[in-house]
>>> print(open('protein_34.pdb').read())   # PDB, C-alpha atoms
ATOM      1  CA  MET A 572     134.395 128.764  98.262
ATOM      2  CA  SER A 573     136.396 125.584  98.258
ATOM      3  CA  ALA A 574     135.898 122.671  95.923
ATOM      4  CA  ALA A 575     134.590 119.411  97.325
ATOM      5  CA  ALA A 576     137.089 116.609  97.543
ATOM      6  CA  VAL A 577     136.709 113.994  94.858
ATOM      7  CA  GLU A 578     137.947 110.460  95.333
ATOM      8  CA  TYR A 579     139.044 108.457  92.338
ATOM      9  CA  PRO A 580     139.375 104.705  92.460
ATOM     10  CA  CYS A 581     142.977 103.611  92.583
ATOM     11  CA  ASP A 582     143.556 100.577  90.401
ATOM     12  CA  ASP A 583     147.139 100.402  91.637
ATOM     13  CA  ALA A 584     146.131  99.658  95.249
ATOM     14  CA  PRO A 585     147.460  96.242  96.276
ATOM     15  CA  ASN A 586     144.939  93.539  97.056
ATOM     16  CA  LEU A 587     145.189  91.449 100.202
ATOM     17  CA  LEU A 588     147.186  88.733  98.474
ATOM     18  CA  GLU A 589     149.764  91.228  97.211
ATOM     19  CA  GLU A 590     149.995  92.764 100.692
ATOM     20  CA  ALA A 591     150.482  89.297 102.220
ATOM     21  CA  GLU A 592     153.230  88.510  99.712
ATOM     22  CA  GLU A 593     154.960  91.804 100.533
ATOM     23  CA  LEU A 594     154.812  91.028 104.264
ATOM     24  CA  SER A 595     156.262  87.581 103.598
ATOM     25  CA  ARG A 596     159.210  89.191 101.808
ATOM     26  CA  LYS A 597     159.749  91.729 104.595
ATOM     27  CA  LEU A 598     159.386  89.210 107.433
ATOM     28  CA  PRO A 599     161.241  86.022 106.530
ATOM     29  CA  GLY A 600     160.422  83.174 108.892
ATOM     30  CA  TYR A 601     157.044  84.636 109.837
ATOM     31  CA  ARG A 602     153.847  82.836 108.807
ATOM     32  CA  VAL A 603     151.563  85.130 106.832
ATOM     33  CA  GLU A 604     147.975  83.993 106.215
ATOM     34  CA  ILE A 605     144.680  85.543 105.127
ATOM     35  CA  ILE A 606     141.814  84.258 107.244
ATOM     36  CA  GLY A 607     138.330  85.722 107.144
ATOM     37  CA  GLY A 608     139.512  88.501 104.861
ATOM     38  CA  GLU A 609     142.206  89.640 107.334
ATOM     39  CA  ILE A 610     145.959  89.261 107.112
ATOM     40  CA  THR A 611     147.472  87.514 110.121
ATOM     41  CA  VAL A 612     151.186  87.364 110.841
ATOM     42  CA  THR A 613     152.682  84.852 113.257
ATOM     43  CA  PRO A 614     156.289  85.099 114.422
ATOM     44  CA  PRO A 615     158.532  82.036 114.264
ATOM     45  CA  ALA A 616     157.525  79.409 116.821
ATOM     46  CA  ASP A 617     159.690  78.271 119.707
ATOM     47  CA  GLY A 618     161.586  74.981 119.887
ATOM     48  CA  HIS A 619     158.891  73.310 122.007
ATOM     49  CA  HIS A 620     156.421  73.942 119.180
ATOM     50  CA  GLY A 621     158.666  72.143 116.682
ATOM     51  CA  ASP A 622     159.370  69.348 119.141
ATOM     52  CA  ALA A 623     155.635  68.800 119.684
ATOM     53  CA  LEU A 624     155.144  68.616 115.894
ATOM     54  CA  THR A 625     157.820  65.948 115.613
ATOM     55  CA  ASP A 626     156.220  63.949 118.442
ATOM     56  CA  ILE A 627     152.892  64.137 116.589
ATOM     57  CA  MET A 628     154.408  63.118 113.256
ATOM     58  CA  VAL A 629     156.068  59.941 114.542
ATOM     59  CA  PRO A 630     152.820  57.945 115.089
ATOM     60  CA  LEU A 631     151.324  59.325 111.871
ATOM     61  CA  LEU A 632     154.334  58.078 109.919
ATOM     62  CA  ALA A 633     154.350  54.741 111.798
ATOM     63  CA  ALA A 634     150.682  54.250 110.805
ATOM     64  CA  GLY A 635     151.663  54.498 107.134
ATOM     65  CA  LEU A 636     149.985  57.837 106.466
ATOM     66  CA  HIS A 637     153.039  59.045 104.559
ATOM     67  CA  GLY A 638     152.815  56.605 101.672
ATOM     68  CA  LYS A 639     151.030  55.916  98.389
ATOM     69  CA  GLU A 640     147.529  56.953  99.543
ATOM     70  CA  SER A 641     148.294  59.973 101.714
ATOM     71  CA  ARG A 642     151.137  62.251 102.748
ATOM     72  CA  VAL A 643     152.013  63.968 106.043
ATOM     73  CA  ILE A 644     153.231  67.489 105.348
ATOM     74  CA  GLN A 645     154.266  70.441 107.494
ATOM     75  CA  ALA A 646     153.292  74.009 106.614
ATOM     76  CA  VAL A 647     151.435  73.319 103.365
ATOM     77  CA  GLY A 648     148.972  76.001 102.290
ATOM     78  CA  VAL A 649     145.237  75.380 101.987
ATOM     79  CA  TRP A 650     143.194  77.718  99.787
ATOM     80  CA  LEU A 651     140.072  78.735 101.722
ATOM     81  CA  PRO A 652     136.710  79.262 100.016
ATOM     82  CA  ASP A 653     135.391  81.974 102.359
ATOM     83  CA  GLY A 654     137.206  84.891 100.723
ATOM     84  CA  PRO A 655     138.727  85.767  97.362
ATOM     85  CA  PHE A 656     142.287  85.619  98.716
ATOM     86  CA  ASP A 657     141.939  83.562 101.897
ATOM     87  CA  TYR A 658     144.465  80.870 102.695
ATOM     88  CA  ALA A 659     145.970  79.264 105.783
ATOM     89  CA  VAL A 660     149.164  77.384 106.461
ATOM     90  CA  PRO A 661     148.470  74.725 109.099
ATOM     91  CA  ASP A 662     151.392  73.422 111.115
ATOM     92  CA  LEU A 663     150.743  69.875 109.934
ATOM     93  CA  ALA A 664     148.377  68.215 107.488
ATOM     94  CA  VAL A 665     147.461  64.792 106.199
ATOM     95  CA  VAL A 666     146.601  65.137 102.521
ATOM     96  CA  ASP A 667     145.739  62.834  99.646
ATOM     97  CA  ALA A 668     148.871  61.570  97.913
ATOM     98  CA  ASP A 669     147.843  63.272  94.640
ATOM     99  CA  PHE A 670     147.615  66.685  96.356
ATOM    100  CA  ASP A 671     150.034  68.244  93.867
ATOM    101  CA  GLU A 672     147.489  67.738  91.088
ATOM    102  CA  HIS A 673     145.128  70.019  93.028
ATOM    103  CA  ARG A 674     147.198  73.171  93.326
ATOM    104  CA  ALA A 675     144.926  76.192  93.672
ATOM    105  CA  GLU A 676     146.694  79.554  93.978
ATOM    106  CA  HIS A 677     149.606  81.126  95.848
ATOM    107  CA  ASN A 678     151.301  77.739  96.424
ATOM    108  CA  CYS A 679     148.140  76.523  98.164
ATOM    109  CA  TYR A 680     146.019  73.456  97.510
ATOM    110  CA  ASP A 681     142.330  72.695  97.176
ATOM    111  CA  PRO A 682     140.863  71.949 100.626
ATOM    112  CA  ALA A 683     139.253  68.796  99.182
ATOM    113  CA  VAL A 684     142.634  66.976  99.377
ATOM    114  CA  PHE A 685     143.062  67.662 103.105
ATOM    115  CA  ARG A 686     142.093  64.800 105.400
ATOM    116  CA  MET A 687     143.260  66.527 108.563
ATOM    117  CA  VAL A 688     144.889  69.764 109.641
ATOM    118  CA  LEU A 689     146.646  70.273 112.949
ATOM    119  CA  GLU A 690     147.744  73.421 114.728
ATOM    120  CA  VAL A 691     150.043  73.658 117.735
ATOM    121  CA  THR A 692     149.173  76.940 119.431
ATOM    122  CA  SER A 693     151.799  79.632 119.794
ATOM    123  CA  SER A 694     151.605  83.417 120.113
ATOM    124  CA  ASN A 695     148.562  83.682 117.791
ATOM    125  CA  TYR A 696     146.581  81.034 119.682
ATOM    126  CA  GLY A 697     143.316  82.983 119.179
ATOM    127  CA  ASN A 698     143.502  82.336 115.439
ATOM    128  CA  ASP A 699     143.890  78.590 115.984
ATOM    129  CA  LEU A 700     141.026  78.418 118.491
ATOM    130  CA  LYS A 701     138.553  80.720 116.734
ATOM    131  CA  LYS A 702     139.224  82.028 113.235
ATOM    132  CA  LYS A 703     140.692  78.808 111.874
ATOM    133  CA  VAL A 704     137.899  76.695 113.358
ATOM    134  CA  THR A 705     135.410  78.556 111.185
ATOM    135  CA  ALA A 706     137.722  78.739 108.150
ATOM    136  CA  TYR A 707     138.566  75.022 108.163
ATOM    137  CA  ALA A 708     134.918  74.071 108.729
ATOM    138  CA  ILE A 709     133.782  76.229 105.795
ATOM    139  CA  ALA A 710     136.498  74.557 103.714
ATOM    140  CA  GLY A 711     135.048  71.159 104.675
ATOM    141  CA  ILE A 712     138.275  69.747 106.137
ATOM    142  CA  PRO A 713     137.069  66.578 107.926
ATOM    143  CA  VAL A 714     139.362  66.710 110.977
ATOM    144  CA  TYR A 715     140.905  69.682 112.755
ATOM    145  CA  VAL A 716     143.181  68.968 115.727
ATOM    146  CA  ILE A 717     144.327  71.798 117.993
ATOM    147  CA  ALA A 718     147.176  71.223 120.423
ATOM    148  CA  ASP A 719     146.226  74.016 122.832
ATOM    149  CA  ARG A 720     149.443  74.445 124.798
ATOM    150  CA  ARG A 721     148.173  77.505 126.658
ATOM    151  CA  ASN A 722     145.153  75.730 128.181
ATOM    152  CA  ARG A 723     146.856  72.302 128.241
ATOM    153  CA  ARG A 724     144.333  70.312 126.222
ATOM    154  CA  VAL A 725     143.798  68.888 122.756
ATOM    155  CA  HIS A 726     140.695  69.629 120.710
ATOM    156  CA  VAL A 727     139.567  67.212 117.997
ATOM    157  CA  LEU A 728     136.936  68.786 115.753
ATOM    158  CA  THR A 729     135.062  66.682 113.195
ATOM    159  CA  GLU A 730     131.978  66.625 110.976
ATOM    160  CA  PRO A 731     132.119  70.094 109.410
ATOM    161  CA  GLU A 732     128.747  71.397 108.313
ATOM    162  CA  TYR A 733     127.456  74.900 107.536
ATOM    163  CA  GLY A 734     130.674  76.604 108.628
ATOM    164  CA  GLU A 735     131.132  74.837 111.953
ATOM    165  CA  TYR A 736     132.283  71.526 113.323
ATOM    166  CA  ARG A 737     129.390  69.507 114.742
ATOM    167  CA  VAL A 738     131.600  67.343 116.987
ATOM    168  CA  HIS A 739     134.135  68.903 119.364
ATOM    169  CA  ALA A 740     136.008  66.533 121.688
ATOM    170  CA  VAL A 741     138.371  67.956 124.326
ATOM    171  CA  HIS A 742     141.149  65.811 125.813
ATOM    172  CA  PRO A 743     143.136  66.811 128.951
ATOM    173  CA  PRO A 744     146.673  65.710 129.882
ATOM    174  CA  GLY A 745     147.008  62.060 130.789
ATOM    175  CA  GLU A 746     144.477  60.935 128.168
ATOM    176  CA  SER A 747     144.897  59.344 124.761
ATOM    177  CA  PHE A 748     142.608  59.731 121.770
ATOM    178  CA  THR A 749     142.190  58.012 118.426
ATOM    179  CA  LEU A 750     141.922  60.031 115.240
ATOM    180  CA  PRO A 751     138.824  59.448 113.076
ATOM    181  CA  GLU A 752     139.079  56.812 110.342
ATOM    182  CA  SER A 753     138.723  59.509 107.675
ATOM    183  CA  VAL A 754     142.402  60.360 108.276
ATOM    184  CA  GLY A 755     143.291  57.087 106.568
ATOM    185  CA  ALA A 756     144.652  54.824 109.300
ATOM    186  CA  PRO A 757     143.987  54.099 112.968
ATOM    187  CA  VAL A 758     146.225  56.454 114.950
ATOM    188  CA  THR A 759     146.136  56.889 118.724
ATOM    189  CA  LEU A 760     147.912  59.897 120.186
ATOM    190  CA  GLU A 761     148.838  60.727 123.771
ATOM    191  CA  VAL A 762     147.765  64.203 124.859
ATOM    192  CA  ASP A 763     150.998  64.754 126.801
ATOM    193  CA  ARG A 764     153.098  64.098 123.692
ATOM    194  CA  VAL A 765     150.862  66.209 121.465
ATOM    195  CA  LEU A 766     151.203  69.108 123.919
ATOM    196  CA  GLY A 767     154.954  68.560 124.253
ATOM    197  CA  LEU A 768     154.666  67.812 127.976
ATOM    198  CA  GLY A 769     157.179  64.980 127.922
TER     199      GLY A 769
END
>>> encode(input="protein_34.pdb", output="structure tokens")
Amino acid sequence: MSAAAVEYPCDDAPNLLEEAEELSRKLPGYRVEIIGGEITVTPPADGHHGDALTDIMVPLLAAGLHGKESRVIQAVGVWLPDGPFDYAVPDLAVVDADFDEHRAEHNCYDPAVFRMVLEVTSSNYGNDLKKKVTAYAIAGIPVYVIADRRNRRVHVLTEPEYGEYRVHAVHPPGESFTLPESVGAPVTLEVDRVLGLG
């Protein structure tokens, strides 16, 4: 007769945050995030991705959003309330100028200081178009802009409520759109520039 297997809890098992930190060490240059209780890893973006980000930043800076009231920051972490270790690192964010006083955990900041987050899609475009929509809405981030390079359109999501954005505007190439006033200044962006189309 054989003895039944007995499982003992292992207090030494790494939690998701520790696993994410280990992946970050092993994969320098990769973006590691925990969204919806799952670790996601995104390889370094291509040059067109970075060029599109620069084209987006120029009008934000010209509108004075990088000043005494707000700051425009690339790749700053937002601590997400929908899981014990969840966080995301949007490509670009407009945050309150006193954001550093609202550091949460793991070099991330309280979502309350984020006025807008923006993602330029790359290889993990499904995260930007699905998982992050829910995560950012739950976090209450007022404006989420997605530069969907794969489908050649820009999504502007606003009015987060009950884990979803109530307003979802889609802009095709050739159009311009104005960001909501909650960002902090009137900013009009051209879809072609946001998508890096020229």
>>> closest_residue(input="protein_34.pdb", among="A:Glu735, A:Asp662, A:Glu752, A:Asp667", to="A:Asp681", atoms="all atoms listed in the file")
A:Asp667
>>> axis_aligned_box(input="protein_34.pdb", around="stretch 713-731 of chain A", padding_each_side="5 Å", output="lines of an AutoDock Vina configuration file")
center_x = 140.7
center_y = 72.0
center_z = 118.1
size_x = 27.5
size_y = 20.9
size_z = 30.3
>>> atom_distance(input="protein_34.pdb", atom1="atom CA of A:Gly607", atom2="atom CA of A:Asn695")
14.9 Å
>>> atom_distance(input="protein_34.pdb", atom1="atom CA of A:Asp763", atom2="atom CA of A:Met687")
19.9 Å
>>> resolve_selection(input="protein_34.pdb", expression="the PyMOL selection byres ((chain A and resi 612) around 9)", output="VMD selection string")
chain A and resid 591 594 to 595 601 to 605 610 to 611 613 to 614 695
>>> write_last_selection(input="protein_34.pdb", atoms="C-alpha atoms", output="JSON list (two decimals), in the coordinates of the input")
[["chain", "number", "residue", "atom", "x", "y", "z"],
["A", 591, "ALA", "CA", 150.48, 89.30, 102.22],
["A", 594, "LEU", "CA", 154.81, 91.03, 104.26],
["A", 595, "SER", "CA", 156.26, 87.58, 103.60],
["A", 601, "TYR", "CA", 157.04, 84.64, 109.84],
["A", 602, "ARG", "CA", 153.85, 82.84, 108.81],
["A", 603, "VAL", "CA", 151.56, 85.13, 106.83],
["A", 604, "GLU", "CA", 147.98, 83.99, 106.22],
["A", 605, "ILE", "CA", 144.68, 85.54, 105.13],
["A", 610, "ILE", "CA", 145.96, 89.26, 107.11],
["A", 611, "THR", "CA", 147.47, 87.51, 110.12],
["A", 613, "THR", "CA", 152.68, 84.85, 113.26],
["A", 614, "PRO", "CA", 156.29, 85.10, 114.42],
["A", 695, "ASN", "CA", 148.56, 83.68, 117.79]]
>>> atom_distance(input="protein_34.pdb", atom1="atom CA of A:Arg596", atom2="atom CA of A:Cys679")
17.2 Å
>>> closest_residue(input="protein_34.pdb", among="A:Tyr658, A:Phe748, A:Trp650, A:Tyr680", to="A:Val725", atoms="only C-alpha atoms")
A:Phe748
>>> closest_residue(input="protein_34.pdb", among="A:Leu728, A:Ala683, A:Ala756, A:Val738", to="A:Glu640", atoms="all atoms listed in the file")
A:Ala756
>>> residues_around(input="protein_34.pdb", residues="A:Leu636", least_positions_apart="6", cutoff="12 Å", atoms="all atoms listed in the file", output="JSON, numbers by chain")
{"A": [628, 629, 630, 642, 643, 644, 664, 665, 666, 667, 668, 686, 687, 752, 753, 754, 755, 756, 757, 758]}
>>> closest_residue(input="protein_34.pdb", among="A:Pro682, A:Asp669, A:Ala706, A:Glu690", to="A:Gly608", atoms="all atoms listed in the file")
A:Ala706
>>> residues_around(input="protein_34.pdb", residues="stretch 707-709 of chain A", least_positions_apart="2", cutoff="8 Å", atoms="only C-alpha atoms", output="PDB file with C-alpha atoms, keeping the file's coordinate frame")
ATOM      1  CA  LEU A 651     140.072  78.735 101.722  1.00  0.00           C
ATOM      2  CA  PRO A 652     136.710  79.262 100.016  1.00  0.00           C
ATOM      3  CA  ASP A 653     135.391  81.974 102.359  1.00  0.00           C
ATOM      4  CA  LYS A 703     140.692  78.808 111.874  1.00  0.00           C
ATOM      5  CA  VAL A 704     137.899  76.695 113.358  1.00  0.00           C
ATOM      6  CA  THR A 705     135.410  78.556 111.185  1.00  0.00           C
ATOM      7  CA  GLY A 711     135.048  71.159 104.675  1.00  0.00           C
ATOM      8  CA  ILE A 712     138.275  69.747 106.137  1.00  0.00           C
ATOM      9  CA  PRO A 713     137.069  66.578 107.926  1.00  0.00           C
ATOM     10  CA  TYR A 715     140.905  69.682 112.755  1.00  0.00           C
ATOM     11  CA  PRO A 731     132.119  70.094 109.410  1.00  0.00           C
ATOM     12  CA  GLU A 732     128.747  71.397 108.313  1.00  0.00           C
ATOM     13  CA  TYR A 733     127.456  74.900 107.536  1.00  0.00           C
ATOM     14  CA  GLY A 734     130.674  76.604 108.628  1.00  0.00           C
ATOM     15  CA  GLU A 735     131.132  74.837 111.953  1.00  0.00           C
ATOM     16  CA  TYR A 736     132.283  71.526 113.323  1.00  0.00           C
TER      17      TYR A 736
END
>>> resolve_selection(input="protein_34.pdb", expression="the PyMOL selection byres ((chain A and resi 693) around 10)", output="list in words")
Thr613, Pro614, Pro615, Ala616, Asp617, His619, His620, Glu690, Val691, Thr692, Ser694, Asn695, Tyr696, Gly697, Asn698, Asp699, Ala718, Asp719, Arg720 and Arg721 of chain A
>>> closest_residue(input="protein_34.pdb", among="A:Leu632, A:Ala740, A:Val765, A:Ala675", to="A:Phe656", atoms="all atoms listed in the file")
A:Ala675
>>> closest_residue(input="protein_34.pdb", among="A:Asn678, A:Thr625, A:Asn586, A:Ser641", to="A:Leu663", atoms="all atoms listed in the file")
A:Thr625
>>> resolve_selection(input="protein_34.pdb", expression="the PyMOL selection byres ((chain A and resi 747) around 8)", output="VMD selection string")
chain A and resid 742 745 to 746 748 to 749 759 to 762
